[in-house]
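Structure file final.cif (mmCIF, C-alpha atoms) is printed below.
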data_final
loop_
_atom_site.label_atom_id
_atom_site.label_comp_id
_atom_site.auth_asym_id
_atom_site.auth_seq_id
_atom_site.Cartn_x
_atom_site.Cartn_y
_atom_site.Cartn_z
CA MET V 4 104.59 87.15 64.16
CA ASN V 5 107.00 86.89 61.29
CA ILE V 6 110.28 88.73 61.74
CA ARG V 7 112.02 87.49 58.60
CA ASN V 8 111.54 90.80 56.83
CA LYS V 9 112.36 93.04 59.77
CA PRO V 10 116.14 93.36 59.84
CA ALA V 11 116.28 96.02 62.56
CA LEU V 12 114.09 93.99 64.90
CA ARG V 13 116.07 90.81 64.19
CA GLU V 14 119.28 92.63 65.07
CA LYS V 15 117.84 94.07 68.28
CA LEU V 16 116.41 90.77 69.49
CA ALA V 17 119.58 88.85 68.59
CA ALA V 18 121.71 91.34 70.54
CA GLU V 19 119.47 91.14 73.60
CA TYR V 20 119.36 87.37 73.34
CA ALA V 21 123.17 87.18 73.29
CA LEU V 22 123.46 89.69 76.13
CA GLY V 23 120.88 87.78 78.18
CA THR V 24 118.37 90.58 78.65
CA LEU V 25 115.74 88.93 76.43
CA ARG V 26 113.66 87.09 78.99
CA GLY V 27 110.60 84.94 79.60
CA GLY V 28 108.10 84.45 76.81
CA ALA V 29 109.99 86.69 74.42
CA ARG V 30 113.11 84.56 74.86
CA ARG V 31 111.22 81.31 74.33
CA ARG V 32 109.54 82.67 71.22
CA PHE V 33 112.90 83.83 69.89
CA GLU V 34 114.34 80.35 70.48
CA THR V 35 111.59 78.74 68.40
CA TRP V 36 112.46 81.11 65.54
CA LEU V 37 116.13 80.24 65.92
CA ARG V 38 115.43 76.58 65.29
CA THR V 39 114.20 77.22 61.76
CA ASP V 40 116.00 80.42 60.84
CA ALA V 41 119.68 79.90 60.09
CA PRO V 42 120.37 83.53 59.11
CA LEU V 43 119.01 84.54 62.52
CA ARG V 44 121.36 82.04 64.17
CA ALA V 45 124.20 83.72 62.29
CA VAL V 46 123.19 87.15 63.65
CA VAL V 47 123.16 85.72 67.19
CA ALA V 48 126.55 84.09 66.63
CA SER V 49 128.10 87.37 65.56
CA TRP V 50 126.71 89.09 68.67
CA GLN V 51 128.05 86.29 70.85
CA GLY V 52 131.39 86.85 69.17
CA ARG V 53 131.35 90.58 69.83
CA LEU V 54 130.36 90.19 73.47
CA GLY V 55 132.57 87.15 74.07
CA ALA V 56 135.59 89.39 73.64
CA LEU V 57 134.51 91.03 76.93
CA ALA V 58 136.05 88.03 78.67
CA GLU V 59 139.48 89.20 77.66
CA LEU V 60 139.15 92.67 79.09
CA GLY V 61 139.37 91.60 82.73
CA ARG V 62 142.62 91.00 84.55
CA PRO V 63 144.02 87.48 84.08
CA VAL V 64 144.31 85.35 87.23
CA THR V 65 146.28 82.11 87.26
CA PRO V 66 144.09 79.32 88.62
CA PRO V 67 145.50 76.95 91.28
CA ALA V 68 146.99 73.66 90.04
CA ARG V 69 144.05 71.65 91.38
CA VAL V 70 141.86 73.10 88.63
CA TRP V 71 143.82 71.35 85.90
CA GLU V 72 144.05 68.18 87.98
CA GLY V 73 140.27 68.10 88.27
CA ILE V 74 139.84 68.61 84.53
CA GLU V 75 142.32 65.86 83.72
CA ARG V 76 140.55 63.45 86.07
CA ARG V 77 137.18 64.13 84.53
CA VAL V 78 138.43 63.92 80.97
CA ASN V 79 140.32 60.68 81.64
CA GLY V 80 137.33 59.21 83.38
CA THR V 81 135.08 59.65 80.38
CA ALA V 82 137.46 59.22 77.48
CA GLY V 83 137.79 55.44 77.73
CA ALA V 84 134.06 54.85 77.81
CA ALA V 85 132.81 57.49 75.45
CA ALA V 86 135.40 57.68 72.70
CA PRO V 87 135.02 54.34 70.90
CA ALA V 88 131.24 54.41 70.94
CA ALA V 89 131.01 57.96 69.67
CA ALA V 90 133.69 57.48 66.99
CA PRO V 91 135.83 60.56 67.61
CA ARG V 92 134.57 63.41 65.52
CA THR V 93 137.21 64.58 63.15
CA PRO V 94 136.93 68.28 62.62
CA TRP V 95 136.90 68.72 58.90
CA TRP V 96 138.75 72.01 59.02
CA ARG V 97 141.72 70.28 60.55
CA PHE V 98 142.70 69.04 57.13
CA TRP V 99 143.81 72.23 55.56
CA GLN V 100 144.99 74.00 58.66
CA SER V 101 147.51 71.50 59.83
CA SER V 102 150.71 71.28 57.90
CA ALA V 103 152.19 68.72 60.27
CA ALA V 104 151.32 65.05 60.58
CA ARG V 105 149.06 63.79 57.83
CA PRO V 106 147.88 60.31 58.69
CA TRP V 107 144.90 61.14 56.51
CA GLY V 108 147.12 61.01 53.43
CA VAL V 109 146.76 57.25 53.57
CA LEU V 110 143.00 57.53 53.90
CA ALA V 111 142.82 59.91 50.98
CA LEU V 112 144.76 57.47 48.84
CA ALA V 113 142.43 54.65 49.75
CA ALA V 114 139.44 56.84 49.04
CA SER V 115 140.86 57.88 45.69
CA ALA V 116 141.36 54.27 44.71
CA ALA V 117 137.73 53.56 45.53
CA ALA V 118 136.78 56.62 43.55
CA VAL V 119 138.60 55.43 40.47
CA VAL V 120 136.74 52.13 40.54
CA LEU V 121 133.46 53.97 40.94
CA ALA V 122 134.35 56.43 38.24
CA VAL V 123 135.05 53.70 35.75
CA ARG V 124 131.66 52.18 36.49
CA VAL V 125 129.94 55.52 36.20
CA ALA V 126 131.70 56.23 32.93
CA ASP V 127 130.66 52.82 31.59
CA LEU V 128 127.06 53.42 32.49
CA SER V 129 126.81 56.91 31.17
CA GLY V 130 128.53 55.93 27.95
CA THR V 131 129.61 59.49 27.35
CA ALA V 132 133.24 59.18 28.18
CA GLU V 133 134.69 56.72 25.69
CA VAL V 134 137.61 58.91 24.75
CA ALA V 135 138.38 61.66 27.23
CA GLY V 136 136.51 61.26 30.51
CA PRO V 137 137.22 63.23 33.62
CA GLN V 138 140.75 64.44 34.36
CA GLN V 139 140.17 64.86 38.07
CA ILE V 140 138.07 62.87 40.44
CA ALA V 141 137.27 62.99 44.14
CA ALA V 142 135.39 60.59 46.38
CA LEU V 143 133.68 62.38 49.23
CA THR V 144 133.38 60.16 52.27
CA ASP V 145 131.71 60.34 55.66
CA VAL V 146 133.56 60.05 58.98
CA GLN V 147 133.57 56.28 58.63
CA SER V 148 135.22 56.56 55.19
CA ARG V 149 132.09 55.40 53.35
CA THR V 150 131.84 57.03 49.95
CA ALA V 151 128.73 59.17 49.61
CA LEU V 152 129.49 61.19 46.50
CA VAL V 153 131.82 61.18 43.56
CA VAL V 154 132.83 64.45 41.94
CA MET V 155 134.39 64.49 38.48
CA ALA V 156 135.96 67.39 36.63
CA ASP V 157 135.89 67.10 32.86
CA THR V 158 137.75 69.98 31.28
CA ALA V 159 136.93 68.88 27.73
CA ARG V 160 133.22 69.24 28.41
CA GLY V 161 133.73 72.03 30.94
CA ARG V 162 131.51 70.21 33.41
CA LEU V 163 131.77 69.27 37.05
CA ASP V 164 129.73 66.11 37.57
CA VAL V 165 128.47 65.28 41.04
CA ARG V 166 127.07 61.80 41.60
CA VAL V 167 125.31 61.04 44.86
CA ALA V 168 125.21 57.47 46.18
CA GLN V 169 121.77 55.94 46.34
CA ASP V 170 121.71 55.49 50.08
CA VAL V 171 122.38 59.16 50.87
CA ARG V 172 119.19 60.47 52.48
CA VAL V 173 118.62 64.14 53.22
CA PRO V 174 115.63 65.64 55.08
CA SER V 175 113.40 67.50 52.64
CA ASP V 176 113.95 70.85 54.36
CA ARG V 177 117.71 70.62 54.00
CA THR V 178 120.08 71.16 51.11
CA LEU V 179 123.46 69.65 50.36
CA GLN V 180 125.99 72.29 49.38
CA LEU V 181 129.33 71.63 47.67
CA TRP V 182 132.42 73.60 48.72
CA ALA V 183 136.00 73.81 47.55
CA ILE V 184 138.36 74.51 50.43
CA THR V 185 141.52 76.31 49.37
CA ARG V 186 144.95 75.61 50.81
CA ALA V 187 144.67 78.96 52.56
CA GLY V 188 141.60 77.61 54.35
CA LYS V 189 138.94 79.61 52.55
CA PRO V 190 135.71 77.80 51.67
CA ARG V 191 134.31 78.58 48.20
CA SER V 192 130.76 77.64 47.45
CA LEU V 193 130.49 75.66 44.23
CA GLY V 194 126.72 75.36 44.41
CA ILE V 195 123.86 73.47 45.96
CA LEU V 196 122.63 70.09 44.77
CA PRO V 197 119.08 70.45 43.39
CA ASP V 198 116.85 67.89 45.13
CA ASN V 199 120.04 66.62 46.76
CA ARG V 200 120.65 64.27 43.85
CA SER V 201 123.26 63.96 41.14
CA THR V 202 123.82 67.07 39.12
CA ASP V 203 126.45 68.88 37.14
CA PHE V 204 127.88 72.36 37.30
CA ALA V 205 129.91 74.44 34.88
CA LEU V 206 133.56 73.76 35.64
CA ASP V 207 136.06 76.49 36.39
CA ALA V 208 139.30 76.86 38.30
CA ARG V 209 137.46 77.73 41.51
CA ALA V 210 136.58 74.06 41.76
CA SER V 211 139.53 72.27 40.25
CA GLY V 212 142.46 74.69 40.47
CA PRO V 213 145.73 73.70 42.12
CA ASP V 214 144.91 75.84 45.16
CA VAL V 215 142.00 73.59 46.10
CA ALA V 216 142.96 71.36 49.01
CA LEU V 217 139.66 69.67 49.67
CA LEU V 218 136.08 69.30 48.52
CA ALA V 219 133.38 69.17 51.15
CA ILE V 220 129.61 68.81 51.38
CA SER V 221 127.72 70.57 54.14
CA LEU V 222 124.11 70.18 55.23
CA GLU V 223 122.39 73.55 54.99
CA PRO V 224 118.94 75.01 55.35
CA ARG V 225 116.90 74.85 52.16
CA GLY V 226 118.44 77.16 49.59
CA GLY V 227 121.98 76.80 50.89
CA SER V 228 124.22 78.40 53.49
CA PRO V 229 123.06 81.86 54.54
CA ASP V 230 126.70 82.77 55.07
CA PRO V 231 128.47 83.42 51.75
CA ASN V 232 131.85 82.87 53.42
CA GLY V 233 131.35 79.32 54.52
CA PRO V 234 129.08 76.54 55.66
CA THR V 235 126.77 77.07 58.62
CA GLY V 236 125.66 73.47 58.89
CA PRO V 237 127.68 70.36 59.68
CA VAL V 238 130.13 69.07 57.10
CA LEU V 239 129.01 65.58 56.22
CA TYR V 240 131.40 64.47 53.51
CA LYS V 241 134.82 65.44 52.31
CA GLY V 242 137.54 64.29 50.00
CA SER V 243 140.40 65.53 47.88
CA TRP V 244 141.07 65.55 44.16
CA ALA V 245 142.99 62.80 42.48
CA ARG V 246 144.39 63.65 39.05
CA LEU V 247 143.91 60.91 36.45
CA MET I 16 137.42 85.92 62.60
CA SER I 17 137.87 88.21 59.65
CA HIS I 18 141.36 89.19 60.75
CA PRO I 19 142.90 86.27 62.59
CA SER I 20 145.99 87.21 64.56
CA ASP I 21 149.00 84.95 65.08
CA ARG I 22 147.70 84.09 68.49
CA ASP I 23 144.27 83.19 67.12
CA ASP I 24 146.06 81.04 64.62
CA GLN I 25 147.96 79.21 67.34
CA LEU I 26 144.73 78.62 69.26
CA TYR I 27 142.99 77.33 66.09
CA HIS I 28 145.65 74.70 65.69
CA LEU I 29 145.45 73.70 69.33
CA LEU I 30 141.65 73.45 69.22
CA ALA I 31 141.87 71.39 66.03
CA ALA I 32 144.28 68.99 67.72
CA VAL I 33 142.06 68.83 70.81
CA GLY I 34 139.19 67.92 68.47
CA LEU I 35 141.27 64.87 67.57
CA GLN I 36 141.57 64.10 71.31
CA ASP I 37 145.21 65.17 71.53
CA ARG I 38 145.87 65.43 75.28
CA ARG I 39 149.13 67.32 75.01
CA ALA I 40 147.51 69.95 72.86
CA PHE I 41 144.72 70.15 75.45
CA ARG I 42 147.25 70.92 78.17
CA THR I 43 148.93 73.55 75.99
CA LEU I 44 145.54 75.11 75.23
CA TYR I 45 144.77 75.20 78.95
CA ASP I 46 148.10 76.84 79.78
CA ALA I 47 147.58 79.43 77.06
CA THR I 48 144.07 80.45 78.09
CA ALA I 49 143.32 79.41 81.69
CA ALA I 50 144.42 82.67 83.35
CA LYS I 51 142.24 84.79 81.05
CA LEU I 52 139.28 82.47 81.47
CA PHE I 53 139.70 82.05 85.23
CA GLY I 54 139.93 85.82 85.61
CA PHE I 55 136.73 86.09 83.60
CA ALA I 56 134.95 83.41 85.69
CA LEU I 57 136.00 85.30 88.85
CA ARG I 58 134.41 88.48 87.49
CA VAL I 59 131.17 86.60 87.02
CA LEU I 60 131.19 84.64 90.28
CA HIS I 61 133.41 86.61 92.73
CA LYS I 62 134.24 83.43 94.63
CA GLU I 63 137.36 81.40 93.95
CA GLU I 64 135.82 77.99 94.52
CA LEU I 65 132.87 78.73 92.28
CA ALA I 66 135.12 80.12 89.55
CA GLU I 67 137.29 77.00 89.77
CA GLU I 68 134.24 74.84 89.29
CA ALA I 69 133.09 76.86 86.29
CA VAL I 70 136.49 76.68 84.60
CA GLN I 71 136.65 72.92 85.14
CA ASP I 72 133.17 72.42 83.72
CA ALA I 73 134.06 74.61 80.78
CA PHE I 74 137.29 72.80 79.91
CA VAL I 75 135.62 69.41 80.11
CA ALA I 76 132.99 70.76 77.69
CA ILE I 77 135.73 72.21 75.45
CA TRP I 78 137.45 68.79 75.34
CA HIS I 79 134.27 67.19 74.06
CA ALA I 80 133.11 70.02 71.77
CA ALA I 81 136.40 71.10 70.16
CA GLY I 82 135.65 68.98 67.09
CA SER I 83 132.55 71.00 66.33
CA TYR I 84 134.15 74.43 66.77
CA GLN I 85 133.46 76.51 63.65
CA PRO I 86 136.22 79.01 63.00
CA HIS I 87 134.18 81.27 60.75
CA LEU I 88 131.72 82.02 63.57
CA ALA I 89 134.02 83.07 66.41
CA ALA I 90 137.67 83.50 67.29
CA PRO I 91 138.91 80.59 69.43
CA LEU I 92 139.17 82.48 72.72
CA THR I 93 135.77 84.06 72.16
CA TRP I 94 134.23 80.64 71.61
CA MET I 95 135.88 79.34 74.78
CA ALA I 96 134.79 82.41 76.77
CA THR I 97 131.18 81.88 75.71
CA ILE I 98 131.39 78.35 77.13
CA VAL I 99 132.95 79.65 80.37
CA ARG I 100 130.18 82.22 80.74
CA ASN I 101 127.45 79.61 80.27
CA LYS I 102 129.08 77.28 82.79
CA ALA I 103 129.64 80.12 85.25
CA LEU I 104 125.99 81.12 85.06
CA ASP I 105 125.02 77.46 85.65
CA VAL I 106 127.32 77.32 88.67
CA ARG I 107 125.79 80.51 89.97
CA ARG I 108 122.26 79.19 89.61
CA ARG I 109 123.27 75.99 91.43
CA ALA I 110 124.93 77.99 94.22
CA GLN I 111 121.88 80.18 94.60
CA ALA I 112 119.57 77.17 94.71
CA ALA I 113 121.76 75.47 97.32
CA GLY I 114 122.13 78.54 99.50
CA ALA I 115 118.48 79.56 99.20
CA GLY I 116 117.92 82.79 101.08
CA ASP I 117 121.61 83.60 101.12
CA ALA I 118 121.21 86.55 98.84
CA ASP I 119 124.90 87.31 99.16
CA ALA I 120 126.00 83.91 97.87
CA VAL I 121 127.01 85.73 94.75
CA HIS I 122 127.14 89.46 94.89
CA VAL I 123 127.12 91.84 92.04
CA ASP I 124 129.40 94.80 91.97
CA ALA I 125 128.32 97.43 89.51
CA ASP I 126 131.74 99.04 89.37
CA ALA I 127 133.47 95.73 88.74
CA ALA I 128 131.12 95.18 85.82
CA ASP I 129 132.81 98.02 83.99
CA LEU I 130 135.47 95.84 82.45
CA VAL I 131 137.07 98.53 80.39
CA ALA I 132 137.67 100.86 83.31
CA ASP I 133 139.09 97.95 85.29
CA THR I 134 141.51 96.87 82.61
CA ASP I 135 142.89 100.35 82.99
CA ALA I 136 144.25 99.56 79.67
CA GLY I 137 147.47 101.29 78.92
CA PRO I 138 148.93 100.73 75.48
CA ASP I 139 150.94 97.73 76.69
CA GLU I 140 147.94 95.93 78.10
CA ARG I 141 145.91 96.59 74.99
CA ALA I 142 148.68 95.31 72.78
CA ALA I 143 148.45 91.95 74.57
CA LEU I 144 144.79 91.54 73.69
CA SER I 145 143.49 89.73 70.64
CA ARG I 146 142.40 91.90 67.77
CA ASP I 147 138.72 91.32 68.57
CA ALA I 148 139.17 92.28 72.20
CA ARG I 149 141.22 95.35 71.35
CA ALA I 150 138.53 96.52 68.96
CA LEU I 151 135.90 95.89 71.61
CA ALA I 152 137.86 97.80 74.27
CA ASP I 153 138.26 100.77 71.92
CA CYS I 154 134.57 100.72 71.09
CA MET I 155 133.52 100.34 74.75
CA ASP I 156 135.55 103.48 75.41
CA THR I 157 133.14 105.42 73.24
CA LEU I 158 130.21 104.55 75.56
CA ALA I 159 129.30 106.44 78.71
CA GLY I 160 130.56 104.81 81.92
CA ARG I 161 127.09 103.87 83.15
CA GLN I 162 126.18 102.46 79.78
CA ARG I 163 129.24 100.21 79.95
CA GLN I 164 128.31 99.20 83.48
CA ALA I 165 124.78 98.27 82.47
CA ILE I 166 126.01 96.14 79.56
CA GLY I 167 128.70 94.55 81.73
CA MET I 168 126.20 93.74 84.48
CA ALA I 169 123.83 92.10 82.03
CA TYR I 170 126.54 90.06 80.38
CA LEU I 171 128.61 89.09 83.41
CA HIS I 172 125.85 88.59 85.93
CA ASP I 173 122.94 87.62 83.74
CA LEU I 174 120.82 90.41 85.22
CA SER I 175 117.51 91.49 83.72
CA HIS I 176 116.70 95.07 82.81
CA THR I 177 114.69 95.31 86.06
CA ASP I 178 117.58 94.00 88.20
CA ILE I 179 120.01 96.44 86.61
CA ALA I 180 117.62 99.36 87.07
CA GLY I 181 117.25 98.40 90.74
CA ARG I 182 120.97 98.16 91.36
CA LEU I 183 121.86 101.35 89.54
CA GLY I 184 118.87 103.18 91.06
CA LEU I 185 117.60 104.26 87.64
CA PRO I 186 114.21 104.08 85.94
CA LEU I 187 113.62 100.87 83.95
CA GLY I 188 112.96 102.74 80.71
CA THR I 189 116.27 104.56 80.98
CA VAL I 190 118.20 101.33 81.45
CA LYS I 191 116.45 99.67 78.51
CA THR I 192 117.21 102.62 76.25
CA TRP I 193 120.84 102.85 77.38
CA ILE I 194 121.48 99.21 76.74
CA ARG I 195 119.81 99.24 73.36
CA ARG I 196 121.69 102.36 72.24
CA GLY I 197 124.90 101.03 73.71
CA LEU I 198 124.60 97.81 71.73
CA ASP I 199 123.79 99.71 68.53
CA ARG I 200 126.79 101.88 69.04
CA LEU I 201 129.08 98.95 69.74
CA ARG I 202 127.93 97.20 66.59
CA ASP I 203 128.44 100.27 64.42
CA CYS I 204 131.86 100.91 65.91
CA LEU I 205 133.00 97.28 65.53
CA THR I 206 131.67 97.07 62.00
CA ARG I 207 133.60 100.18 61.02
CA LYS I 208 136.76 98.63 62.45
CA GLU I 209 136.21 95.38 60.57
CA ASP I 210 135.76 97.24 57.34
CA ALA I 211 138.88 99.29 57.88
CA PRO I 212 142.00 97.79 56.31
#
Final structure tokens representation of the file:
Amino acid sequence: MNIRNKPALREKLAAEYALGTLRGGARRRFETWLRTDAPLRAVVASWQGRLGALAELGRPVTPPARVWEGIERRVNGTAGAAAPAAAPRTPWWRFWQSSAARPWGVLALAASAAAVVLAVRVADLSGTAEVAGPQQIAALTDVQSRTALVVMADTARGRLDVRVAQDVRVPSDRTLQLWAITRAGKPRSLGILPDNRSTDFALDARASGPDVALLAISLEPRGGSPDPNGPTGPVLYKGSWARL
Amino acid sequence: MSHPSDRDDQLYHLLAAVGLQDRRAFRTLYDATAAKLFGFALRVLHKEELAEEAVQDAFVAIWHAAGSYQPHLAAPLTWMATIVRNKALDVRRRAQAAGAGDADAVHVDADAADLVADTDAGPDERAALSRDARALADCMDTLAGRQRQAIGMAYLHDLSHTDIAGRLGLPLGTVKTWIRRGLDRLRDCLTRKEDAP
């Protein structure tokens, strides 16, 4: 059965799935749809959000101190072993939400320096930028600070160039999507990368304006994020503008 | 979510710091949310020691998963409550497996499943809730008492339509219809509130 074109049924099943009353074979079938249907996952997530607020309606009860002690023991026990191997995951949304403590400023500087070197090479190769060239440039890096993409804003040409490093591999059923994250924390979609390779977009202030704190690339289902307000997939790369 | 409150904002920052393995922020997050979440776990499990276990499991999971929390999908407390519910249901299944035959290991109280009635929410209590929860409480008010109970029993105790029908002494078809209509009504009511300024 295909439920992609049946919005009322999708809504009903998602609600029952989140509530827990979808059972047995129907539940298993629904879970196989969920794996390949990101918009359906979004419907489930919004139901989980609605119902999750039920937790707040009960009376609060302070737990005994031993509860925290147990948590602390278990977290301490695992942190030493697990943290270095797993390379602590840095939540990408931390960057624009925290106004305090910016150790990443140093990282961003280093990344920008790398970007400039890359940009010069790219400009040499393309041979189009003898005179003007881009005015803003950003290197988007992964969690290990390896550069995966370079984004260049050229106001003279009105283009936003996105160059993807050769070793970036994306599954064929996934799409890389470029976002500008504003200082207020709002993601703006700038577009998806056709075939996940280098491309260019028309440039406007949504991408390069002074209110943009960060550029980010997320991994989305084919065709891009089903949620117009932000990424649904993991954010793989991020970086900030350097003005040249 | 669409209208983050100051408190949501504070919890976002704490969760973000926890995602960076900040232990002090983790303690602050625990202090800010443990009573709500423990109260919730108690509603699901009815036994202190089981609720304690569920809250511990949940906070250990929150410590490890905070980095992947996605703010556009759920308010922070809602996200944490979903984790507590999953852990509580796991604990309940374990307890039932261990005490096989002890049908009372975890009992289900239909009246206690009516969270809105229990909150007995006067204006002061409602004011202390997050915006999402306040909206939900208002919308739950528009449902019939038994409809609220049925939804609460399903969510809190992971009961099937058949279980709920048995406990409320109602025909299965009636329970299914009530729940479906109740959910529709909740969604419409919450959507109207979100769209309102």
I:Arg39 environment, 12 Å, only C-alpha atoms, sequence neighbours closer than 5 positions dropped, as a PDB file with C-alpha atoms, keeping the file's coordinate frame:
ATOM      1  CA  GLU V  75     142.320  65.860  83.720  1.00  0.00           C
TER       2      GLU V  75
ATOM      3  CA  LEU I  29     145.450  73.700  69.330  1.00  0.00           C
ATOM      4  CA  LEU I  30     141.650  73.450  69.220  1.00  0.00           C
ATOM      5  CA  ALA I  32     144.280  68.990  67.720  1.00  0.00           C
ATOM      6  CA  VAL I  33     142.060  68.830  70.810  1.00  0.00           C
ATOM      7  CA  GLY I  34     139.190  67.920  68.470  1.00  0.00           C
ATOM      8  CA  LEU I  44     145.540  75.110  75.230  1.00  0.00           C
ATOM      9  CA  TYR I  45     144.770  75.200  78.950  1.00  0.00           C
ATOM     10  CA  ASP I  46     148.100  76.840  79.780  1.00  0.00           C
ATOM     11  CA  TRP I  78     137.450  68.790  75.340  1.00  0.00           C
TER      12      TRP I  78
END
Fill in: Protein/DNA/RNA residues near (117.0, 89.2, 72.3), cut 8 Å, all atoms listed in the file, as JSON, numbers by chain
{"V": [15, 16, 17, 18, 19, 20, 21, 22, 23, 24, 25, 26, 29, 30, 33]}
How would the residues just chosen look if you wrote them out with C-alpha atoms as an mmCIF file, keeping the file's coordinate frame?
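File result-v6.cif, as written:
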data_model
loop_
_atom_site.group_PDB
_atom_site.id
_atom_site.type_symbol
_atom_site.label_atom_id
_atom_site.label_comp_id
_atom_site.auth_asym_id
_atom_site.auth_seq_id
_atom_site.Cartn_x
_atom_site.Cartn_y
_atom_site.Cartn_z
ATOM 1 C CA LYS V 15 117.840 94.070 68.280
ATOM 2 C CA LEU V 16 116.410 90.770 69.490
ATOM 3 C CA ALA V 17 119.580 88.850 68.590
ATOM 4 C CA ALA V 18 121.710 91.340 70.540
ATOM 5 C CA GLU V 19 119.470 91.140 73.600
ATOM 6 C CA TYR V 20 119.360 87.370 73.340
ATOM 7 C CA ALA V 21 123.170 87.180 73.290
ATOM 8 C CA LEU V 22 123.460 89.690 76.130
ATOM 9 C CA GLY V 23 120.880 87.780 78.180
ATOM 10 C CA THR V 24 118.370 90.580 78.650
ATOM 11 C CA LEU V 25 115.740 88.930 76.430
ATOM 12 C CA ARG V 26 113.660 87.090 78.990
ATOM 13 C CA ALA V 29 109.990 86.690 74.420
ATOM 14 C CA ARG V 30 113.110 84.560 74.860
ATOM 15 C CA PHE V 33 112.900 83.830 69.890
#
Worksheet item: the PyMOL selection byres ((chain V) within 8 of (chain I)) on the file shown: which residues, as a PyMOL selection string?
Response: chain V and resi 15+18+22-26+45+48-49+51-66+70-71+73-74+77-78+91-94+96-97+100-101+232-233
Worksheet item: Could you work out how far atom CA of I:Gly197 lies from atom CA of I:Asp156, giving the answer in Å with one decimal?
Response: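 Interatomic distance, atom CA of I:Asp156 to atom CA of I:Gly197: 11.1 Å.
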Fill in: Top pick for closest residue to V:Thr235, considering V:Pro213, V:Gly194, V:Pro137, V:Pro42 and counting only C-alpha atoms
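Counting only C-alpha atoms, the residue closest to V:Thr235 is V:Pro42.
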Worksheet entry | Interatomic distance (Å, one decimal) between atom CA of V:Gln180 and atom CA of I:Asp210 |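 So the two atoms, atom CA of V:Gln180 and atom CA of I:Asp210, lie 28.0 Å apart.
Our summary of the geometry notes that atom CA of V:Val46 is positioned 20.9 Å from atom CA of V:Asp176.
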Centre and edge lengths of an axis-aligned box around all listed atoms of stretch 187-191 of chain I, with 3 Å added on each side, are to be given in Å to one decimal, as AutoDock Vina command-line options.
--center_x 115.6 --center_y 102.1 --center_z 81.2 --size_x 11.2 --size_y 10.9 --size_z 11.4
Worksheet item: V:Arg209: which residues within 9 Å, counting all atoms listed in the file, same-chain residues fewer than 5 positions away excluded, as a list in words?
Response: Ala183, Thr185, Arg191, Ser192, Leu193, Asp214 and Val215 of chain V
Store the residues picked out above in a file with C-alpha atoms, as a PDB file, keeping the file's coordinate frame.
ATOM      1  CA  ALA V 183     136.000  73.810  47.550  1.00  0.00           C
ATOM      2  CA  THR V 185     141.520  76.310  49.370  1.00  0.00           C
ATOM      3  CA  ARG V 191     134.310  78.580  48.200  1.00  0.00           C
ATOM      4  CA  SER V 192     130.760  77.640  47.450  1.00  0.00           C
ATOM      5  CA  LEU V 193     130.490  75.660  44.230  1.00  0.00           C
ATOM      6  CA  ASP V 214     144.910  75.840  45.160  1.00  0.00           C
ATOM      7  CA  VAL V 215     142.000  73.590  46.100  1.00  0.00           C
TER       8      VAL V 215
END
Discussion item. Assuming the chain letters and numbering stay as they are in my file, what does the PyMOL selection byres ((chain V and resi 164) around 12) actually select? List them as an NGL selection string.
Written reply: :V and (122 or 125-126 or 129 or 136-142 or 152-158 or 160-163 or 165-167 or 181 or 193-194 or 196 or 200-206 or 210-211)
